[in-house]
file protein.txt (compact mmCIF, C-alpha atoms and all ligand atoms)
# COMPACT_ATOMS: atom_id res chain seq x y z
CA MET A 1 0.00 0.00 0.00
CA VAL A 2 2.75 2.36 1.08
CA LEU A 3 4.60 1.43 -1.98
CA LEU A 4 1.52 1.98 -4.01
CA ARG A 5 0.91 5.36 -2.39
CA GLN A 6 4.55 6.24 -2.92
CA ARG A 7 4.22 5.22 -6.51
CA ASN A 8 1.00 7.23 -6.71
CA ALA A 9 2.76 10.15 -5.08
CA GLN A 10 5.62 9.74 -7.47
CA GLY A 11 3.10 9.45 -10.33
CA SER A 12 1.33 12.64 -9.34
CA ASN A 13 4.70 14.39 -8.95
CA ALA A 14 5.67 13.27 -12.42
CA THR A 15 2.40 14.56 -13.82
CA GLU A 16 2.96 17.90 -12.09
CA ILE A 17 6.48 18.08 -13.50
CA GLU A 18 5.23 17.19 -16.97
CA LYS A 19 2.59 19.90 -16.74
CA LYS A 20 5.20 22.42 -15.64
CA ILE A 21 7.49 21.45 -18.46
CA LYS A 22 4.63 21.82 -20.94
CA ARG A 23 3.63 25.18 -19.48
CA GLY A 24 7.24 26.28 -19.64
CA ASN A 25 7.52 25.19 -23.25
CA ALA A 26 4.26 26.90 -24.12
CA LEU A 27 5.43 30.10 -22.42
CA ARG A 28 8.78 29.94 -24.17
CA GLN A 29 7.08 29.34 -27.53
CA GLY A 30 4.67 32.18 -26.85
CA SER A 31 7.41 34.58 -25.98
CA ALA A 32 9.50 33.40 -28.95
CA TRP A 33 6.50 34.08 -31.21
CA ARG A 34 5.90 37.40 -29.49
CA ALA A 35 9.55 38.22 -29.99
CA SER A 36 9.48 37.30 -33.71
CA ARG A 37 6.01 38.83 -34.35
CA GLY A 38 7.46 42.26 -35.01
CA PRO A 39 9.99 41.21 -37.69
CA VAL A 40 7.46 38.85 -39.36
CA ALA A 41 4.89 41.64 -39.58
CA LEU A 42 7.56 43.97 -40.96
CA LEU A 43 8.56 41.34 -43.51
CA LEU A 44 4.92 40.88 -44.57
CA ILE A 45 4.47 44.63 -44.96
CA ALA A 46 7.71 44.86 -46.97
CA VAL A 47 6.65 41.99 -49.26
CA THR A 48 3.22 43.57 -49.77
CA LEU A 49 4.75 46.98 -50.53
CA CYS A 50 7.25 45.42 -52.95
CA GLY A 51 4.42 43.52 -54.67
CA ALA A 52 2.36 46.69 -55.01
CA ALA A 53 5.38 48.61 -56.36
CA VAL A 54 6.14 45.89 -58.92
CA TRP A 55 2.48 45.78 -59.95
CA LEU A 56 2.35 49.57 -60.34
CA TYR A 57 5.58 49.51 -62.34
CA ILE A 58 4.34 46.75 -64.64
CA THR A 59 0.98 48.40 -65.20
CA SER A 60 2.65 51.75 -65.91
CA LEU A 61 5.02 50.10 -68.40
CA ASP A 62 2.33 48.01 -69.98
CA SER A 63 -0.07 50.86 -70.47
CA GLU A 64 -1.51 48.76 -73.30
CA ILE A 65 -5.04 49.83 -72.85
CA THR A 66 -6.00 53.05 -71.19
CA GLU A 67 -9.34 53.30 -72.86
CA THR A 68 -11.33 51.18 -75.28
CA LEU A 69 -12.82 53.58 -77.83
CA VAL A 70 -15.03 50.93 -79.41
CA SER A 71 -15.35 47.36 -78.22
CA ARG A 72 -16.05 44.35 -80.40
CA ALA A 73 -19.50 43.86 -78.89
CA GLU A 74 -20.78 47.38 -79.58
CA LEU A 75 -22.58 48.30 -82.78
CA VAL A 76 -21.79 51.85 -83.84
CA SER A 77 -24.77 52.80 -85.97
CA PRO A 78 -26.17 54.76 -87.71
CA GLN A 79 -23.77 57.67 -87.10
CA PRO A 80 -20.00 57.19 -86.76
CA ARG A 81 -18.52 57.68 -83.32
CA VAL A 82 -16.12 60.57 -83.73
CA TYR A 83 -13.17 61.57 -81.52
CA THR A 84 -11.61 64.89 -82.42
CA VAL A 85 -7.90 65.36 -81.79
CA GLN A 86 -5.79 68.42 -82.37
CA CYS A 87 -4.09 68.35 -85.77
CA SER A 88 -0.33 67.97 -85.56
CA GLU A 89 1.97 70.54 -87.09
CA ASP A 90 2.82 68.10 -89.91
CA TYR A 91 0.30 69.66 -92.19
CA GLU A 92 2.13 72.98 -92.15
CA ASN A 93 5.01 71.28 -93.92
CA TYR A 94 2.86 69.94 -96.74
CA GLN A 95 1.12 71.66 -99.57
CA ARG A 96 -2.46 72.47 -98.61
CA TYR A 97 -5.37 71.35 -100.76
CA PRO A 98 -8.49 73.33 -99.85
CA GLY A 99 -11.50 71.08 -99.41
CA CYS A 100 -9.32 68.10 -98.48
CA THR A 101 -6.28 68.89 -96.30
CA PRO A 102 -7.30 68.18 -92.70
CA GLN A 103 -8.49 71.25 -90.83
CA LYS A 104 -10.19 69.08 -88.31
CA CYS A 105 -8.27 65.98 -87.25
CA GLY A 106 -9.46 62.96 -85.41
CA ARG A 107 -10.61 59.40 -85.60
CA ALA A 108 -13.96 57.77 -86.10
CA VAL A 109 -15.54 54.35 -86.19
CA THR A 110 -18.70 53.17 -87.89
CA ASP A 111 -20.41 49.80 -88.23
CA SER A 112 -23.04 50.99 -90.69
CA VAL A 113 -21.07 51.61 -93.89
CA VAL A 114 -20.26 47.98 -94.73
CA THR A 115 -22.51 45.06 -93.85
CA ARG A 116 -21.22 41.90 -92.23
CA GLU A 117 -22.24 40.00 -95.39
CA GLU A 118 -20.10 42.30 -97.53
CA ALA A 119 -17.24 41.92 -95.07
CA GLN A 120 -17.58 38.16 -95.37
CA LEU A 121 -17.46 38.31 -99.18
CA LEU A 122 -14.35 40.47 -99.01
CA ARG A 123 -12.80 38.16 -96.48
CA ARG A 124 -13.39 35.18 -98.79
CA LEU A 125 -11.79 37.15 -101.59
CA ALA A 126 -8.76 37.77 -99.37
CA GLU A 127 -8.65 34.12 -98.33
CA ARG A 128 -8.69 32.95 -101.95
CA GLY A 129 -6.00 35.42 -102.99
CA LEU A 130 -3.75 34.76 -100.04
CA ALA A 131 -4.16 31.00 -100.45
CA LEU A 132 -2.13 31.40 -103.67
CA ALA A 133 0.94 32.19 -101.61
CA GLY A 134 1.35 34.16 -98.36
CA SER A 135 4.22 35.16 -96.15
CA GLU A 136 6.30 32.66 -94.19
CA GLY A 137 5.96 35.03 -91.25
CA GLY A 138 2.79 36.14 -89.55
CA ALA A 139 1.73 38.98 -91.85
CA SER A 140 0.68 38.64 -95.48
CA ILE A 141 -0.69 41.25 -97.83
CA LEU A 142 -2.58 41.24 -101.09
CA ASP A 143 -2.72 44.49 -103.02
CA LEU A 144 -5.25 44.22 -105.81
CA HIS A 145 -4.17 47.53 -107.31
CA SER A 146 -0.46 46.80 -107.79
CA GLY A 147 -0.92 43.03 -107.75
CA ALA A 148 1.56 42.61 -104.86
CA LEU A 149 1.11 39.38 -102.94
CA SER A 150 3.31 38.11 -100.10
CA MET A 151 5.14 34.95 -101.10
CA GLY A 152 7.56 33.39 -98.65
CA LYS A 153 9.95 36.15 -97.70
CA GLN A 154 9.11 38.32 -100.71
CA PHE A 155 6.31 39.57 -102.93
CA VAL A 156 5.13 38.58 -106.37
CA ASN A 157 2.87 40.33 -108.80
CA ILE A 158 -0.23 38.15 -109.06
CA TYR A 159 -1.16 39.58 -112.44
CA ARG A 160 2.23 38.64 -113.88
CA TYR A 161 2.87 35.49 -111.89
CA PHE A 162 -0.51 33.87 -112.40
CA GLY A 163 -1.49 35.57 -115.67
CA ASP A 164 -4.96 34.74 -116.91
CA GLN A 165 -5.42 32.17 -114.16
CA ILE A 166 -6.13 35.01 -111.77
CA ARG A 167 -9.54 35.31 -113.40
CA ASP A 168 -10.37 31.92 -111.90
CA VAL A 169 -9.64 33.33 -108.46
CA PHE A 170 -11.28 36.77 -108.59
CA THR A 171 -14.42 37.89 -110.36
CA GLN A 172 -15.60 41.22 -111.70
CA GLU A 173 -18.11 41.23 -108.82
CA ASP A 174 -15.25 41.11 -106.31
CA PHE A 175 -13.72 44.22 -107.84
CA GLN A 176 -17.12 45.90 -108.06
CA LEU A 177 -17.65 45.25 -104.35
CA TYR A 178 -14.24 46.77 -103.53
CA ARG A 179 -15.17 49.87 -105.58
CA ASP A 180 -18.60 50.23 -103.90
CA VAL A 181 -17.12 49.88 -100.45
CA ARG A 182 -14.27 52.30 -101.25
CA GLY A 183 -16.86 54.85 -102.46
CA ARG A 184 -18.94 54.55 -99.29
CA ILE A 185 -15.88 54.89 -97.10
CA GLN A 186 -14.83 57.99 -99.04
CA THR A 187 -18.28 59.50 -98.49
CA VAL A 188 -18.30 58.87 -94.74
CA ILE A 189 -14.77 60.29 -94.36
CA ALA A 190 -15.76 63.42 -96.33
CA GLU A 191 -18.92 63.89 -94.23
CA THR A 192 -17.12 63.36 -90.95
CA PHE A 193 -14.21 65.69 -91.66
CA GLY A 194 -16.19 68.23 -93.69
CA LEU A 195 -14.38 67.57 -96.99
CA ASP A 196 -15.33 67.70 -100.62
CA PRO A 197 -15.34 64.00 -101.60
CA THR A 198 -14.45 64.87 -105.18
CA LEU A 199 -11.20 66.43 -103.96
CA MET A 200 -9.93 63.33 -102.19
CA TYR A 201 -8.47 60.39 -104.06
CA LEU A 202 -7.74 56.75 -103.41
CA THR A 203 -3.99 56.32 -102.95
CA LYS A 204 -1.53 53.47 -102.73
CA PRO A 205 -0.91 51.13 -101.16
CA THR A 206 -4.37 49.74 -100.65
CA PHE A 207 -4.19 46.16 -99.45
CA PHE A 208 -5.81 43.23 -97.73
CA SER A 209 -3.88 42.01 -94.71
CA ARG A 210 -3.91 38.62 -93.07
CA ILE A 211 -2.21 38.35 -89.70
CA ASN A 212 -1.69 35.34 -87.48
CA SER A 213 0.53 34.49 -84.53
CA THR A 214 3.37 32.93 -86.56
CA GLY A 215 6.68 34.59 -85.73
CA ALA A 216 8.04 37.20 -88.11
CA LYS A 217 10.54 36.01 -90.72
CA THR A 218 11.26 39.38 -92.31
CA GLN A 219 10.70 43.03 -91.45
CA HIS A 220 7.55 42.98 -93.58
CA ASP A 221 6.01 40.65 -91.01
CA GLU A 222 6.57 43.11 -88.18
CA TYR A 223 3.22 44.80 -88.33
CA TRP A 224 3.17 45.78 -84.66
CA HIS A 225 5.56 48.74 -84.77
CA PRO A 226 4.20 52.17 -83.84
CA HIS A 227 3.97 54.36 -86.92
CA ILE A 228 2.44 57.42 -88.52
CA ASP A 229 0.80 56.61 -91.82
CA LYS A 230 1.70 59.93 -93.42
CA VAL A 231 5.35 59.21 -92.66
CA THR A 232 5.24 55.50 -93.54
CA TYR A 233 3.27 55.81 -96.74
CA GLY A 234 3.92 59.43 -97.77
CA SER A 235 0.78 60.16 -99.71
CA PHE A 236 -1.83 59.28 -97.07
CA ASP A 237 -4.02 62.07 -95.69
CA TYR A 238 -6.88 59.90 -94.42
CA THR A 239 -6.48 56.25 -93.52
CA SER A 240 -9.33 53.83 -93.26
CA LEU A 241 -9.34 50.26 -92.08
CA LEU A 242 -12.14 47.90 -92.91
CA TYR A 243 -12.11 44.89 -90.62
CA LEU A 244 -13.09 41.52 -92.00
CA SER A 245 -12.96 39.41 -88.87
CA ASP A 246 -13.94 39.63 -85.24
CA TYR A 247 -11.65 40.33 -82.32
CA GLY A 248 -12.12 37.72 -79.60
CA SER A 249 -13.74 35.00 -81.71
CA ASP A 250 -11.70 34.87 -84.96
CA PHE A 251 -8.49 35.97 -83.26
CA THR A 252 -7.09 37.29 -80.00
CA GLY A 253 -4.68 40.19 -79.64
CA GLY A 254 -4.69 42.27 -82.83
CA ARG A 255 -6.45 45.31 -81.43
CA PHE A 256 -5.76 48.63 -83.10
CA ILE A 257 -4.04 51.03 -80.70
CA PHE A 258 -3.87 54.82 -80.93
CA MET A 259 -0.80 55.78 -78.91
CA ASP A 260 -1.66 59.13 -77.35
CA GLN A 261 0.65 60.99 -74.98
CA ASN A 262 -1.68 60.39 -72.07
CA GLY A 263 -2.31 56.73 -72.81
CA ASN A 264 -3.39 54.17 -75.36
CA ARG A 265 -6.83 54.03 -76.92
CA THR A 266 -8.01 50.97 -78.76
CA VAL A 267 -10.45 49.97 -81.40
CA GLU A 268 -11.46 46.33 -81.33
CA PRO A 269 -11.91 44.93 -84.84
CA ARG A 270 -15.30 43.62 -85.85
CA ALA A 271 -16.25 42.31 -89.32
CA GLY A 272 -17.76 45.22 -91.27
CA ARG A 273 -16.33 47.86 -88.94
CA VAL A 274 -14.69 50.85 -90.59
CA SER A 275 -12.20 52.85 -88.55
CA PHE A 276 -10.82 56.00 -90.14
CA PHE A 277 -8.56 58.84 -89.09
CA SER A 278 -6.40 61.69 -90.31
CA SER A 279 -3.03 60.18 -91.19
CA GLY A 280 -0.66 62.63 -89.42
CA THR A 281 1.32 62.47 -86.19
CA GLU A 282 -1.83 63.13 -84.18
CA ASN A 283 -2.73 59.52 -84.93
CA LEU A 284 0.41 57.57 -84.05
CA HIS A 285 -0.73 53.96 -83.85
CA ARG A 286 0.16 50.32 -83.91
CA VAL A 287 -1.49 46.93 -84.06
CA GLU A 288 -1.28 44.71 -81.02
CA ARG A 289 0.35 41.34 -81.77
CA VAL A 290 -2.10 38.63 -82.73
CA THR A 291 -1.84 35.84 -80.17
CA TRP A 292 -4.26 33.33 -81.67
CA GLY A 293 -6.34 32.88 -84.84
CA THR A 294 -6.33 34.92 -88.04
CA ARG A 295 -7.14 38.59 -88.50
CA PHE A 296 -8.21 40.01 -91.86
CA ALA A 297 -8.48 43.70 -92.72
CA ILE A 298 -8.26 46.08 -95.66
CA THR A 299 -6.34 49.34 -95.62
CA VAL A 300 -8.04 51.88 -97.89
CA SER A 301 -6.49 55.33 -97.89
CA PHE A 302 -6.99 58.70 -99.47
CA THR A 303 -4.75 61.52 -100.52
CA CYS A 304 -5.49 65.18 -101.18
CA ASP A 305 -2.74 65.34 -103.79
CA PRO A 306 -4.08 64.48 -107.25
CA ALA A 307 -0.54 63.49 -108.26
CA HIS A 308 -0.79 60.55 -105.84
CA ALA A 309 -4.24 59.41 -106.93
CA ILE A 310 -4.66 55.84 -108.14
CA SER A 311 -7.56 54.24 -109.90
CA ASP A 312 -9.60 51.51 -108.27
CA PRO A 313 -8.15 48.03 -108.57
CA ALA A 314 -9.37 46.29 -111.71
CA LEU A 315 -9.22 42.78 -113.03
CA PRO A 316 -6.90 42.88 -116.07
CA GLU A 317 -8.49 42.19 -119.42
CA GLY A 318 -8.08 38.49 -120.10
CA THR A 319 -6.66 36.94 -123.21
CA HIS A 320 -9.21 34.18 -122.93
CA GLY A 321 -12.95 33.84 -122.28
O1 LIG B 1 -4.81 46.63 -89.63
C1 LIG B 1 -4.84 47.58 -88.85
O2 LIG B 1 -5.65 47.66 -87.91
C2 LIG B 1 -3.89 48.73 -89.02
C3 LIG B 1 -2.95 48.60 -90.17
C4 LIG B 1 -2.09 49.81 -90.30
O3 LIG B 1 -1.74 50.47 -89.36
C5 LIG B 1 -1.66 50.22 -91.63
O4 LIG B 1 -2.01 49.55 -92.62
O5 LIG B 1 -0.97 51.25 -91.73
FE FE B 2 -1.00 52.36 -90.07
call {"tool": "encode", "arguments": {"input": "protein.txt", "output": "structure tokens"}}
result
Amino acid sequence: MVLLRQRNAQGSNATEIEKKIKRGNALRQGSAWRASRGPVALLLIAVTLCGAAVWLYITSLDSEITETLVSRAELVSPQPRVYTVQCSEDYENYQRYPGCTPQKCGRAVTDSVVTREEAQLLRRLAERGLALAGSEGGASILDLHSGALSMGKQFVNIYRYFGDQIRDVFTQEDFQLYRDVRGRIQTVIAETFGLDPTLMYLTKPTFFSRINSTGAKTQHDEYWHPHIDKVTYGSFDYTSLLYLSDYGSDFTGGRFIFMDQNGNRTVEPRAGRVSFFSSGTENLHRVERVTWGTRFAITVSFTCDPAHAISDPALPEGTHG
């Protein structure tokens, strides 16, 4: 019994000691945590601040989209949506053509000049033409006026290269549709900018473009560089772009970006959408890289200088049928 009691006493002592040890450990842990709480909190704050700084830096660098002027889902109809911008000083260095030279500069978008059906017909035309060749890189063009077609790393003249066979690819109706659409675009540009449509002329190059996400093989494939059309193409006074496919469903990336000093403004392509703008420095722009799918568009531009006027593209007279 005594032994048992002793053992019991010893047992209860041991339990007491164990409890004390545990309490001691717990206290030590608690104070260790309390001691390290300050530095851990500081570290967390530092990490959060660094994260926020990196995020702010990245978003300020990648100021891709400040504002979407027109999204893919919107339908701009019946009147164009117009954004006026101050004309750059460029125009002072060029000869002025009253009734045409921009006095009012800006950009506009309309979805009511070309129907989606017409855009689809034009897209098929572009697909047929570009199926004849195409660039090895991501950007191919087909210029029905000059006949230039991307082929590998170069261009060929479809009218020379394919001769009469080209009449199996394009019809008179295709060319008629291009002319109709060009005429309507000319009218809406003249109305929007207060011009005399008879004093503005189609100019070159006018071309269909097909862009996909394949890497560039030559400089011609690098469509994404910021540029000013009046500088790049010389004769342009008003640029228009007719989109033949839809941003988001036919392709991703590939938005049109106006690069303004206070941020970027985009137009999301939509089949049948016409975007047009004065071609000077006030409308510095670029095309976002296409990340997936295929984007089709036509560049149709106008000059005020009759010396740079071109006639509408036409199917050459055939030597057969
Ligand atoms: O396809 C586009 O949206 C723009 C093309 C362009 O900037 C150009 O042809 O000069
Ligand atoms: Fe351009």
call {"tool": "residues_around", "arguments": {"input": "protein.txt", "residues": "region 104-121 of chain A", "least_positions_apart": "2", "cutoff": "7 Å", "atoms": "all atoms listed in the file", "output": "PyMOL selection string"}}
result
chain A and resi 75-87+102+123-125+181+184-185+193+244+271-278
call {"tool": "atom_distance", "arguments": {"input": "protein.txt", "atom1": "CA of Val290 (chain A)", "atom2": "CA of Glu127 (chain A)"}}
result
17.5 Å
call {"tool": "closest_residue", "arguments": {"input": "protein.txt", "among": "A:Ser146, A:Asn157, A:Ser235, A:Asn283", "to": "ligand FE 2 (chain B)", "atoms": "all atoms listed in the file"}}
result
A:Asn283
call {"tool": "residues_near_ligand", "arguments": {"input": "protein.txt", "ligand": "ligand FE 2 (chain B)", "cutoff": "7 Å", "atoms": "all atoms listed in the file", "output": "MDAnalysis selection string"}}
result
chainID A and resid 227:229 285:286
call {"tool": "closest_residue", "arguments": {"input": "protein.txt", "among": "A:Lys217, A:Lys204, A:His225, A:Arg72", "to": "Ser249 (chain A)", "atoms": "all atoms listed in the file"}}
result
A:Arg72
call {"tool": "closest_residue", "arguments": {"input": "protein.txt", "among": "A:Ile65, A:Ala216, A:Leu195, A:Leu44", "to": "Glu136 (chain A)", "atoms": "all atoms listed in the file"}}
result
A:Ala216
call {"tool": "residues_near_ligand", "arguments": {"input": "protein.txt", "ligand": "ligand LIG 1 (chain B)", "cutoff": "7 Å", "atoms": "all atoms listed in the file", "output": "count of residues only"}}
result
11
call {"tool": "residues_around", "arguments": {"input": "protein.txt", "residues": "Tyr247 (chain A)", "least_positions_apart": "4", "cutoff": "6 Å", "atoms": "only C-alpha atoms", "output": "number ranges by chain"}}
result
A: 251-252, 269
call {"tool": "atom_distance", "arguments": {"input": "protein.txt", "atom1": "CA of Phe170 (chain A)", "atom2": "CA of Phe208 (chain A)"}}
result
13.8 Å
call {"tool": "residues_around", "arguments": {"input": "protein.txt", "residues": "Ala73 (chain A)", "least_positions_apart": "3", "cutoff": "9 Å", "atoms": "only C-alpha atoms", "output": "PyMOL selection string"}}
result
chain A and resi 70+268+270
call {"tool": "atom_distance", "arguments": {"input": "protein.txt", "atom1": "CA of Leu242 (chain A)", "atom2": "CA of Thr206 (chain A)"}}
result
11.1 Å
call {"tool": "closest_residue", "arguments": {"input": "protein.txt", "among": "A:Ser150, A:Thr239, A:Thr303, A:Ser279", "to": "Asp90 (chain A)", "atoms": "all atoms listed in the file"}}
result
A:Ser279
